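Student: The structure that follows is given in the form of structure tokens.
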Amino acid sequence: MSHPLYWPARIFFYPVGNTSAICLTEELPPEHKADVLLLGCGDPRHILYTAYADASIPNEPRKLDVTCCDVDAAVLARNTLLFTLLADNAAENRLPSIWNIFYHMMLDESSLSLLIEQCRKLVPLTENLDSWKQGPYAHVVTMCSSDTLSEIGRFWKLWLGTSNFSAKQAKRFKEKFQDGIKNVRKRHGDYVVATSMRSAGPLAPVTLFAVSEQFKDFWMTGTTDDGSPDTKPANNPNPTFAFSLLGDEFAVHYGTDPVSGFHLAEALASAGLELSDKTTSAIPKVVRAARQQFSTWCKAVIRRVQNSSASSASLMVRMYAGEALAFCQALRSANASVVHTPIFIAPWRRSVVQLDDTLYSPSAPSPAPTSFNVIETSNLIDHLGLQNLLTVTIPLLFDSSSSTLYTEALLPAGDSPAEGILDHMCGDLSTMSLLLGVVPSAYVSRFTARSNTAETMMQGIADPVPNQYHERLAWKHISSGHPSNSLHKAEFSFSETQLARKLFDIYLNMFSDEDVRKRMAILSVDNSQAQRMIQSAVIIHYSRRSFALLIAHMKTRDSTLITGSNFFQETACHLHLAGFSLPWISPTQVQELLSEEDPPLFRAWSTVPEVVTVVLVVPRHIITKVQSDLSDAGTPILQCETRVDSKHNSFACLSGSFGKLEVSGEDENKVAVIVDDKAGINGTSPLIVSFPVLSSTLICMSGGTVGLGVRSTLGTVELTKKLGLEMCLFKALLTDERYTHVLARTPTTSHGMINSEPSPEHPKLDTKRQGHPIHAEMDKYNTQVQSLTAHVDIVDPAGQASLASGCAVTVEQLSPNKAKLNVDQYEHVISFPFPVDTVNVKLRVARKSKYIEASVVPTLHYQESNIAGNFRAAFDCGVPTLWSMHRVNLDRCPSFKLSRSRNAFDWLRPHVGLTFSQRQRASRKGSGLPGSTPDTFMSLKDSLHCFFVSAAGLEGPTHAEFTLWNPEEDEFYATILVTNIRLDLGSHTVVADSWIIPGSSDIRDKLKVEHVLSIKTDTYESEAWRHLLPLFIERCRTWKHKPSCDYLVLNSVPLYPGAGSDPKKVPWCSCGMGIGTEVLRERYGSVSAKYATRAAISPLFPVSYIEKVGMKIDIPADLALTKCVACGKGGVPLSVCARCKKAKYCSKDCQVKDWKTHKKNCVLT
């Protein structure tokens, strides 16, 4: 395992999602099938919503093949239960009870009976994989391994077992369950919990009181109340909430809220509620909306799975119970035809991953996917670390321009989103993207069509330092987004010295918790900042194996640390295991060292491998003494240490389990098998830990010890009182076989031993698709890429002749990331991974050697004028794909009506206002002044702002007809007709359901339109619209492009780039003209219906980790979620400091206690 081993005390159960559902196929063209990997899948809301909202060709539903991975089998047991209920006949009639089973902690009698009845049907199917495959649900849900089926079945048996409780057992079960709920309520106290407001997107402020009161009601009653008079009494604990990875302890996460996974904006967009509305009338509306969405989504699933077979069903869900990093490594091994892997299923599990042969072997008749065009990782980067996640998922991402890897973060890192991405990446984003081979698409395009309005508003009305900030990134292959004639997998290179320095910088960032300066810095900051730094310091995601695997992945394409040198041996070990050749670890060197040292450990071994495994058995009574202290400390990190004299080595890449160690054989033939204690941390068995180590390390440690300890962090200070400064739990001599064993193979739960840690499989380079080599040169500080140099070999005879004859070499910029090399009549297109500036290109021309090198500067900073190339499209198997604009199914986006209330539409005003970054907002105020620089992106956003404000009637009458007009050329180049304003629920924004008509006068004169609003655009903005309009059309396409499509003929999206506002050169193809235009015929006549093409026009938002976003939002003062700065108490009247008017306190005692800290920052106002 590359992630450090945490003490398994504080484990939460996440039965339902904590963010709203998204459409998993939103980046895929409608013709493509969807092979989806959900890591940390949680509840199935994304699958349900995708089944409903997926945009595919009519009568050709897209095949959805979804592989779900979660470390908690209880989550998968609930999900599988849901899908089996939906696959049964008459499922639609039972949807109200299915909602109760899935979302209520307390159940009514009929819902509980349905649950128990379903468990009785399911339990017999879990005997083995064959019994499941022969059952009635195998065409909908399949199991990736027998261990997964066994674990899921275990929970079904537990749920079913509650129906056989005696009266005494049932009473104890209910009391224990309700005590767990009460403890969560005590934890919340008087705090206002409003995290579900992010699920309302742009209407977040409107839902503030509704979601906070609904949350309280849910944890008070265990149910959701939609105001229905037919609600049945719910007095029975829901067994599906009672059991989890933690056993029968109540472990439901304290933030669980059933409505969080739904789109609350739909309930309130037309409700007429104002920002200051504090009534509870919205609560039943919110709950009804969630219930209705659940019902609608489930019906979409039912249509896909009922009356179908495994071959005909358009939805297949695959379940895997285990840790995400391990599963990804296993899938990568399956790609290399290794089904029975040497990888442990999860931390604290000694079973190895053994995927089902019939699904994952090369000879499988209907093989399961092992590479994916959609990988969704939930917020696993908060739990596993971004680099750990990227190194195992990127190799599984299908090589396609539409393939997308999603990452989410809920826990804020750094003091801003910009600092947060640097913290997660462990380095500069552009450089790390080059090294990894993927890049966030919005980082290149500089905009996003997804809104983070809710997060911005939550920051504005919550604490100065919010506990959460939701950031979602869509990563794509760095070579994607180019037209097919220039799609190259360029060979990137760095100088050896610069690369070595960069890797060391990455190393320092990955292990910055070991930096003594970082710890000392806490002493010089205020209380709140110190608390944030401490919270950040105790979250550690990386071991030296993480670093080794990161370098191994890059290969396909330590004086500042307190204990850095202590991890040197572990670093070397994992670099060796990752496939790197280290001269002092060769078999010859090991044998020479054995001869010199003659260590007792290996004296009788005939052959000593380069890497061995050390196993340490910690007696249970040792654990018992400190168990409560460890648990009180939360999730302290365990690590092993070897010591002899002054030599001290630390090892953080551990495998752990509770059980009995059975040892047989001797010397290099010694093997060990672990019999797991199912009770785990709550059992009576010893703790067994193991770790790989270089044999050369142990050879030099005769007479040494090995110990298990707790890693020292700012969060484990209290443990030093119990464990001492060394934080050692237990240690023994390396030669003491009562507790220590050195093995050639790692112990598992079976006799199929594995050799140390698995080595990553390195993919073979596709030499047929190699493009021109590109060399990256770093700046003098070695932090960012300073220049990119493309090496182009001139192989064309005519080009060689022109070069040899002395013809001039010129470079022409085609788009932000493309340049054309010209030598007389010879042309060559160079594709760079990032936008570049060719104005000051430096050329090296080797006329005799027949090559040219073009060195350019990356321009990832903001460009004011030429932004057309930011709107990128590429071809994937002859189909246009979008780079940074997700697709929408307009017919699944609910429309909303304008309210008569004057202030009820206040939510839309700040939403469209947040399309401007803080820089652009300041620039708008100064635009038009002498000396101001024109900003095309700001002008484009101004036009879109005008478009939405006018279409919604926010500042006057509602407009539905618009033209785009370039007054400099006096050309009208497009007419836009708006038929609806809709909610793009999955992306928390609005979208104009529009129809675009060419602007030529012969068409425009025949249109039956009145009261047209003309939007003025200059030459630069007209060119930007030329590139943008085809994307607005393509993103909502439900028709097929014709074989004769102009995009394919001219190999360009848009058509005629550079033609600006020329109305005769229409930038979009004609394939979609006249399709679905019945809505226009009656209103605007047959001409509009003939020439119109449907489009989804959205606001374009700034990227939070590139530019500062947000603005001051006028929220009523009594809405502010302020808390006492001393104790954190909220939801109560607060007194403000009379001197500075900023700090607030719930009592005089708190103010007195805080004065020592506050007086440093208290400034008289």
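Here, A, B, ... name the chains of the structure tokens in the order displayed, residue numbers run from 1 inside each chain, and ligands are numbered from 1 in the same displayed order.
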For segment 434-437 of chain A, find every residue with an atom within 10 Å (counting only C-alpha atoms), except residues of its own chain fewer than 4 positions away, and show them as a ChimeraX atom specification.
Tutor: /A:387,390-391,394-395,429-430,475-479,489,492-494,499,550-551,553-557,776,785,833-834
Student: Go through segment 926-997 of chain A and collect every residue that DSSP, computed from the backbone, puts in strand (DSSP E or B); the answer should be as a list of chain:residue names.
Tutor: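 Taking segment 926-997 of chain A and keeping strand (DSSP E or B) gives A:Glu961, A:Phe962, A:Thr963, A:Leu964, A:Trp965, A:Asn966, A:Glu971, A:Phe972, A:Tyr973, A:Ala974, A:Thr975, A:Ile976, A:Leu977, A:Val978, A:Thr979, A:Asn980, A:Ile981, A:Arg982, A:Leu983, A:Asp984, A:Thr989, A:Val990, A:Val991, A:Ala992, A:Asp993, A:Ser994, A:Trp995, A:Ile996, A:Ile997.
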Student: Keeping only N, CA and C atoms, take the residues you just selected and write them out as a PDB file, in the first residue's frame.
Tutor:
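After the write, part.pdb holds the following:
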ATOM      1  N   GLU A 961     -35.438  37.364 -28.704  1.00  0.00           N
ATOM      2  CA  GLU A 961     -34.782  37.396 -30.002  1.00  0.00           C
ATOM      3  C   GLU A 961     -33.543  38.294 -29.935  1.00  0.00           C
ATOM      4  N   PHE A 962     -32.420  37.740 -30.382  1.00  0.00           N
ATOM      5  CA  PHE A 962     -31.153  38.470 -30.326  1.00  0.00           C
ATOM      6  C   PHE A 962     -30.429  38.321 -31.667  1.00  0.00           C
ATOM      7  N   THR A 963     -29.623  39.302 -31.983  1.00  0.00           N
ATOM      8  CA  THR A 963     -28.691  39.163 -33.108  1.00  0.00           C
ATOM      9  C   THR A 963     -27.295  39.539 -32.630  1.00  0.00           C
ATOM     10  N   LEU A 964     -26.315  38.893 -33.224  1.00  0.00           N
ATOM     11  CA  LEU A 964     -24.922  39.249 -32.977  1.00  0.00           C
ATOM     12  C   LEU A 964     -24.482  40.145 -34.120  1.00  0.00           C
ATOM     13  N   TRP A 965     -23.958  41.335 -33.775  1.00  0.00           N
ATOM     14  CA  TRP A 965     -23.711  42.381 -34.776  1.00  0.00           C
ATOM     15  C   TRP A 965     -22.319  42.963 -34.568  1.00  0.00           C
ATOM     16  N   ASN A 966     -21.553  43.007 -35.642  1.00  0.00           N
ATOM     17  CA  ASN A 966     -20.247  43.646 -35.626  1.00  0.00           C
ATOM     18  C   ASN A 966     -20.384  45.008 -36.293  1.00  0.00           C
ATOM     19  N   GLU A 971     -22.070  44.032 -39.920  1.00  0.00           N
ATOM     20  CA  GLU A 971     -22.516  42.690 -40.317  1.00  0.00           C
ATOM     21  C   GLU A 971     -23.254  42.018 -39.166  1.00  0.00           C
ATOM     22  N   PHE A 972     -24.448  41.515 -39.476  1.00  0.00           N
ATOM     23  CA  PHE A 972     -25.184  40.665 -38.545  1.00  0.00           C
ATOM     24  C   PHE A 972     -24.824  39.224 -38.909  1.00  0.00           C
ATOM     25  N   TYR A 973     -24.191  38.507 -37.998  1.00  0.00           N
ATOM     26  CA  TYR A 973     -23.689  37.192 -38.388  1.00  0.00           C
ATOM     27  C   TYR A 973     -24.386  36.019 -37.705  1.00  0.00           C
ATOM     28  N   ALA A 974     -25.338  36.287 -36.816  1.00  0.00           N
ATOM     29  CA  ALA A 974     -26.123  35.195 -36.219  1.00  0.00           C
ATOM     30  C   ALA A 974     -27.354  35.758 -35.555  1.00  0.00           C
ATOM     31  N   THR A 975     -28.451  35.008 -35.664  1.00  0.00           N
ATOM     32  CA  THR A 975     -29.681  35.314 -34.932  1.00  0.00           C
ATOM     33  C   THR A 975     -29.895  34.210 -33.899  1.00  0.00           C
ATOM     34  N   ILE A 976     -30.228  34.617 -32.686  1.00  0.00           N
ATOM     35  CA  ILE A 976     -30.442  33.650 -31.600  1.00  0.00           C
ATOM     36  C   ILE A 976     -31.858  33.818 -31.071  1.00  0.00           C
ATOM     37  N   LEU A 977     -32.623  32.728 -31.065  1.00  0.00           N
ATOM     38  CA  LEU A 977     -33.977  32.716 -30.530  1.00  0.00           C
ATOM     39  C   LEU A 977     -33.993  31.872 -29.260  1.00  0.00           C
ATOM     40  N   VAL A 978     -34.453  32.442 -28.177  1.00  0.00           N
ATOM     41  CA  VAL A 978     -34.476  31.747 -26.882  1.00  0.00           C
ATOM     42  C   VAL A 978     -35.891  31.264 -26.602  1.00  0.00           C
ATOM     43  N   THR A 979     -36.048  29.971 -26.425  1.00  0.00           N
ATOM     44  CA  THR A 979     -37.377  29.419 -26.127  1.00  0.00           C
ATOM     45  C   THR A 979     -37.561  29.076 -24.650  1.00  0.00           C
ATOM     46  N   ASN A 980     -36.465  28.944 -23.902  1.00  0.00           N
ATOM     47  CA  ASN A 980     -36.569  28.634 -22.477  1.00  0.00           C
ATOM     48  C   ASN A 980     -35.278  28.990 -21.762  1.00  0.00           C
ATOM     49  N   ILE A 981     -35.397  29.377 -20.516  1.00  0.00           N
ATOM     50  CA  ILE A 981     -34.244  29.412 -19.618  1.00  0.00           C
ATOM     51  C   ILE A 981     -34.380  28.188 -18.725  1.00  0.00           C
ATOM     52  N   ARG A 982     -33.349  27.370 -18.693  1.00  0.00           N
ATOM     53  CA  ARG A 982     -33.412  26.106 -17.955  1.00  0.00           C
ATOM     54  C   ARG A 982     -32.321  26.041 -16.888  1.00  0.00           C
ATOM     55  N   LEU A 983     -32.495  25.084 -16.000  1.00  0.00           N
ATOM     56  CA  LEU A 983     -31.488  24.823 -14.973  1.00  0.00           C
ATOM     57  C   LEU A 983     -30.599  23.667 -15.428  1.00  0.00           C
ATOM     58  N   ASP A 984     -29.314  23.928 -15.529  1.00  0.00           N
ATOM     59  CA  ASP A 984     -28.335  22.862 -15.759  1.00  0.00           C
ATOM     60  C   ASP A 984     -27.965  22.341 -14.370  1.00  0.00           C
ATOM     61  N   THR A 989     -25.864  25.667 -12.690  1.00  0.00           N
ATOM     62  CA  THR A 989     -25.936  26.919 -13.433  1.00  0.00           C
ATOM     63  C   THR A 989     -27.217  26.945 -14.248  1.00  0.00           C
ATOM     64  N   VAL A 990     -27.337  27.951 -15.086  1.00  0.00           N
ATOM     65  CA  VAL A 990     -28.495  28.075 -15.978  1.00  0.00           C
ATOM     66  C   VAL A 990     -28.023  27.894 -17.412  1.00  0.00           C
ATOM     67  N   VAL A 991     -28.965  27.575 -18.274  1.00  0.00           N
ATOM     68  CA  VAL A 991     -28.648  27.393 -19.686  1.00  0.00           C
ATOM     69  C   VAL A 991     -29.833  27.904 -20.494  1.00  0.00           C
ATOM     70  N   ALA A 992     -29.521  28.622 -21.555  1.00  0.00           N
ATOM     71  CA  ALA A 992     -30.567  29.136 -22.430  1.00  0.00           C
ATOM     72  C   ALA A 992     -30.816  28.130 -23.548  1.00  0.00           C
ATOM     73  N   ASP A 993     -32.018  27.590 -23.571  1.00  0.00           N
ATOM     74  CA  ASP A 993     -32.426  26.683 -24.649  1.00  0.00           C
ATOM     75  C   ASP A 993     -32.678  27.561 -25.871  1.00  0.00           C
ATOM     76  N   SER A 994     -31.756  27.524 -26.801  1.00  0.00           N
ATOM     77  CA  SER A 994     -31.742  28.511 -27.887  1.00  0.00           C
ATOM     78  C   SER A 994     -31.684  27.839 -29.251  1.00  0.00           C
ATOM     79  N   TRP A 995     -31.962  28.669 -30.267  1.00  0.00           N
ATOM     80  CA  TRP A 995     -31.885  28.221 -31.656  1.00  0.00           C
ATOM     81  C   TRP A 995     -31.080  29.260 -32.420  1.00  0.00           C
ATOM     82  N   ILE A 996     -30.049  28.806 -33.113  1.00  0.00           N
ATOM     83  CA  ILE A 996     -29.147  29.718 -33.806  1.00  0.00           C
ATOM     84  C   ILE A 996     -29.384  29.622 -35.309  1.00  0.00           C
ATOM     85  N   ILE A 997     -29.519  30.777 -35.922  1.00  0.00           N
ATOM     86  CA  ILE A 997     -29.818  30.867 -37.352  1.00  0.00           C
ATOM     87  C   ILE A 997     -28.731  31.701 -38.014  1.00  0.00           C
TER      88      ILE A 997
END
Student: Need the shell around Phe262 of chain A: protein/DNA/RNA residues with any atom at most 10 Å away, counting only C-alpha atoms. Skip same-chain ones fewer than 2 positions apart. Format as number ranges by chain?
Tutor: A: 17-22, 45-46, 49, 196, 199-200, 258-260, 264-266, 286-287, 289-294, 985-986
Student: What separation in Å, quoted to one decimal, exists between atom CA of Lys1016 of chain A and atom CA of Pro967 of chain A?
Tutor: 6.6 Å
Student: Which residue is closest to Tyr1084 of chain A? Choose from A:Glu1010, A:Glu969, A:Lys232, A:Ile1097 and count only C-alpha atoms.
Tutor: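 Of the candidates, the smallest distance to Tyr1084 of chain A is held by A:Glu1010.
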Student: Set the distance at 10 Å and use only C-alpha atoms: which residues neighbour Trp1039 of chain A once local chain neighbours fewer than 6 positions away are removed? I'd like the list as a PDB file with N, CA, C and O atoms, in the first residue's frame.
Tutor:
ATOM      1  N   PRO A  30     -22.585  11.584 -27.992  1.00  0.00           N
ATOM      2  CA  PRO A  30     -23.708  10.649 -27.823  1.00  0.00           C
ATOM      3  C   PRO A  30     -23.495   9.302 -28.508  1.00  0.00           C
ATOM      4  O   PRO A  30     -24.127   8.311 -28.138  1.00  0.00           O
ATOM      5  N   GLU A  31     -22.574   9.227 -29.506  1.00  0.00           N
ATOM      6  CA  GLU A  31     -22.352   7.957 -30.197  1.00  0.00           C
ATOM      7  C   GLU A  31     -21.470   6.996 -29.388  1.00  0.00           C
ATOM      8  O   GLU A  31     -21.442   5.800 -29.673  1.00  0.00           O
ATOM      9  N   SER A  56     -28.182  10.824 -25.517  1.00  0.00           N
ATOM     10  CA  SER A  56     -27.804   9.870 -26.553  1.00  0.00           C
ATOM     11  C   SER A  56     -28.718  10.052 -27.760  1.00  0.00           C
ATOM     12  O   SER A  56     -29.683  10.810 -27.729  1.00  0.00           O
ATOM     13  N   ILE A  57     -28.392   9.358 -28.818  1.00  0.00           N
ATOM     14  CA  ILE A  57     -29.178   9.449 -30.050  1.00  0.00           C
ATOM     15  C   ILE A  57     -30.546   8.802 -29.817  1.00  0.00           C
ATOM     16  O   ILE A  57     -30.631   7.734 -29.203  1.00  0.00           O
ATOM     17  N   PRO A  58     -31.652   9.433 -30.261  1.00  0.00           N
ATOM     18  CA  PRO A  58     -32.977   8.836 -30.072  1.00  0.00           C
ATOM     19  C   PRO A  58     -33.047   7.404 -30.587  1.00  0.00           C
ATOM     20  O   PRO A  58     -32.509   7.085 -31.649  1.00  0.00           O
ATOM     21  N   CYS A1071     -25.660  19.917 -40.314  1.00  0.00           N
ATOM     22  CA  CYS A1071     -26.250  18.600 -40.009  1.00  0.00           C
ATOM     23  C   CYS A1071     -27.464  18.691 -39.088  1.00  0.00           C
ATOM     24  O   CYS A1071     -28.385  17.875 -39.166  1.00  0.00           O
ATOM     25  N   GLY A1072     -27.470  19.674 -38.188  1.00  0.00           N
ATOM     26  CA  GLY A1072     -28.565  19.773 -37.218  1.00  0.00           C
ATOM     27  C   GLY A1072     -29.622  20.782 -37.572  1.00  0.00           C
ATOM     28  O   GLY A1072     -30.592  20.957 -36.817  1.00  0.00           O
ATOM     29  N   ILE A1075     -33.794  20.296 -37.304  1.00  0.00           N
ATOM     30  CA  ILE A1075     -34.153  19.124 -36.498  1.00  0.00           C
ATOM     31  C   ILE A1075     -34.781  19.585 -35.179  1.00  0.00           C
ATOM     32  O   ILE A1075     -34.187  20.384 -34.444  1.00  0.00           O
ATOM     33  N   GLY A1076     -35.991  19.108 -34.903  1.00  0.00           N
ATOM     34  CA  GLY A1076     -36.678  19.422 -33.655  1.00  0.00           C
ATOM     35  C   GLY A1076     -37.179  20.843 -33.556  1.00  0.00           C
ATOM     36  O   GLY A1076     -37.396  21.352 -32.446  1.00  0.00           O
TER      37      GLY A1076
END
Student: What's the separation between atom CA of Val857 of chain A and atom CA of Gln786 of chain A, in Å to one decimal place?
Tutor: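 Going from atom CA of Val857 of chain A over to atom CA of Gln786 of chain A covers 6.3 Å.
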Student: For Arg472 of chain A, work out the shell of residues within 10 Å, counting only C-alpha atoms and skipping chain neighbours fewer than 5 positions away, then give it as a list in words.
Tutor: Ser378, Asn379, Tyr406, Thr407, Glu408, Ala409, Leu410, Pro440, Arg450 and Asn452 of chain A
Student: Could you please write out, as an NGL selection string, every residue of segment 314-525 of chain A that DSSP assigns to alpha helix (DSSP H)?
Tutor: :A and (324-335 or 357-360 or 381-384 or 386-393 or 417-425 or 429-436 or 441-445 or 453-461 or 496-510 or 516-521)
Student: Would you mind reading off the distance between atom CA of Ser884 of chain A and atom CA of Ser445 of chain A, one decimal, in Å?
Tutor: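 Atom-to-atom, atom CA of Ser884 of chain A to atom CA of Ser445 of chain A, that is 6.5 Å.
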Student: So which residues touch segment 590-600 of chain A within 7 Å, counting only C-alpha atoms, skipping near sequence neighbours fewer than 5 positions away, as JSON, numbers by chain?
Tutor: {"A": [585, 610, 696, 699, 700, 702]}
Student: Take the residues from that selection and write them out as a PDB file, in the first residue's frame, keeping N, CA and C atoms.
Tutor:
ATOM      1  N   ILE A 585      22.058  -2.338  -5.094  1.00  0.00           N
ATOM      2  CA  ILE A 585      21.033  -3.312  -4.729  1.00  0.00           C
ATOM      3  C   ILE A 585      21.081  -4.538  -5.641  1.00  0.00           C
ATOM      4  N   GLU A 610      16.964  -9.422  -3.215  1.00  0.00           N
ATOM      5  CA  GLU A 610      17.265  -8.009  -2.972  1.00  0.00           C
ATOM      6  C   GLU A 610      16.295  -7.383  -1.980  1.00  0.00           C
ATOM      7  N   SER A 696      19.945  -5.647   2.000  1.00  0.00           N
ATOM      8  CA  SER A 696      21.206  -4.999   2.368  1.00  0.00           C
ATOM      9  C   SER A 696      21.049  -4.144   3.623  1.00  0.00           C
ATOM     10  N   ILE A 699      21.206  -6.675   6.490  1.00  0.00           N
ATOM     11  CA  ILE A 699      22.534  -7.287   6.596  1.00  0.00           C
ATOM     12  C   ILE A 699      23.434  -6.441   7.494  1.00  0.00           C
ATOM     13  N   CYS A 700      23.236  -5.140   7.418  1.00  0.00           N
ATOM     14  CA  CYS A 700      24.081  -4.219   8.200  1.00  0.00           C
ATOM     15  C   CYS A 700      23.496  -3.910   9.573  1.00  0.00           C
ATOM     16  N   SER A 702      22.943  -6.301  12.271  1.00  0.00           N
ATOM     17  CA  SER A 702      23.075  -7.417  13.215  1.00  0.00           C
ATOM     18  C   SER A 702      22.910  -6.897  14.638  1.00  0.00           C
TER      19      SER A 702
END
Student: I want to know what sits within 9 Å of segment 625-628 of chain A, based on only C-alpha atoms, with residues of the same chain fewer than 3 positions away left out; could you give that as a list of chain:residue names?
Tutor: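 Using only C-alpha atoms, the neighbours found are A:Ala9, A:Arg620, A:His621, A:Ile622, A:Ser631, A:Asp632, A:Ala633, A:Ile681, A:Lys722, A:Leu723, A:Leu729.
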Student: Nearest to Gln784 of chain A among A:Gly427, A:Pro342, A:Gly869, A:Gly878, with distances taken over only C-alpha atoms: which residue is it?
Tutor: A:Gly427
Student: From the list A:Pro237, A:Thr256, A:His1011, A:Ala167, which residue is nearest Val184 of chain A when using only C-alpha atoms?
Tutor: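 Residue with the minimum atom-to-atom distance to Val184 of chain A: A:Thr256.
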Student: Would you please work out which residue, of A:Ser433, A:Thr497, A:Ser1022, A:Thr240, is nearest to Val252 of chain A when using only C-alpha atoms?
Tutor: A:Thr240
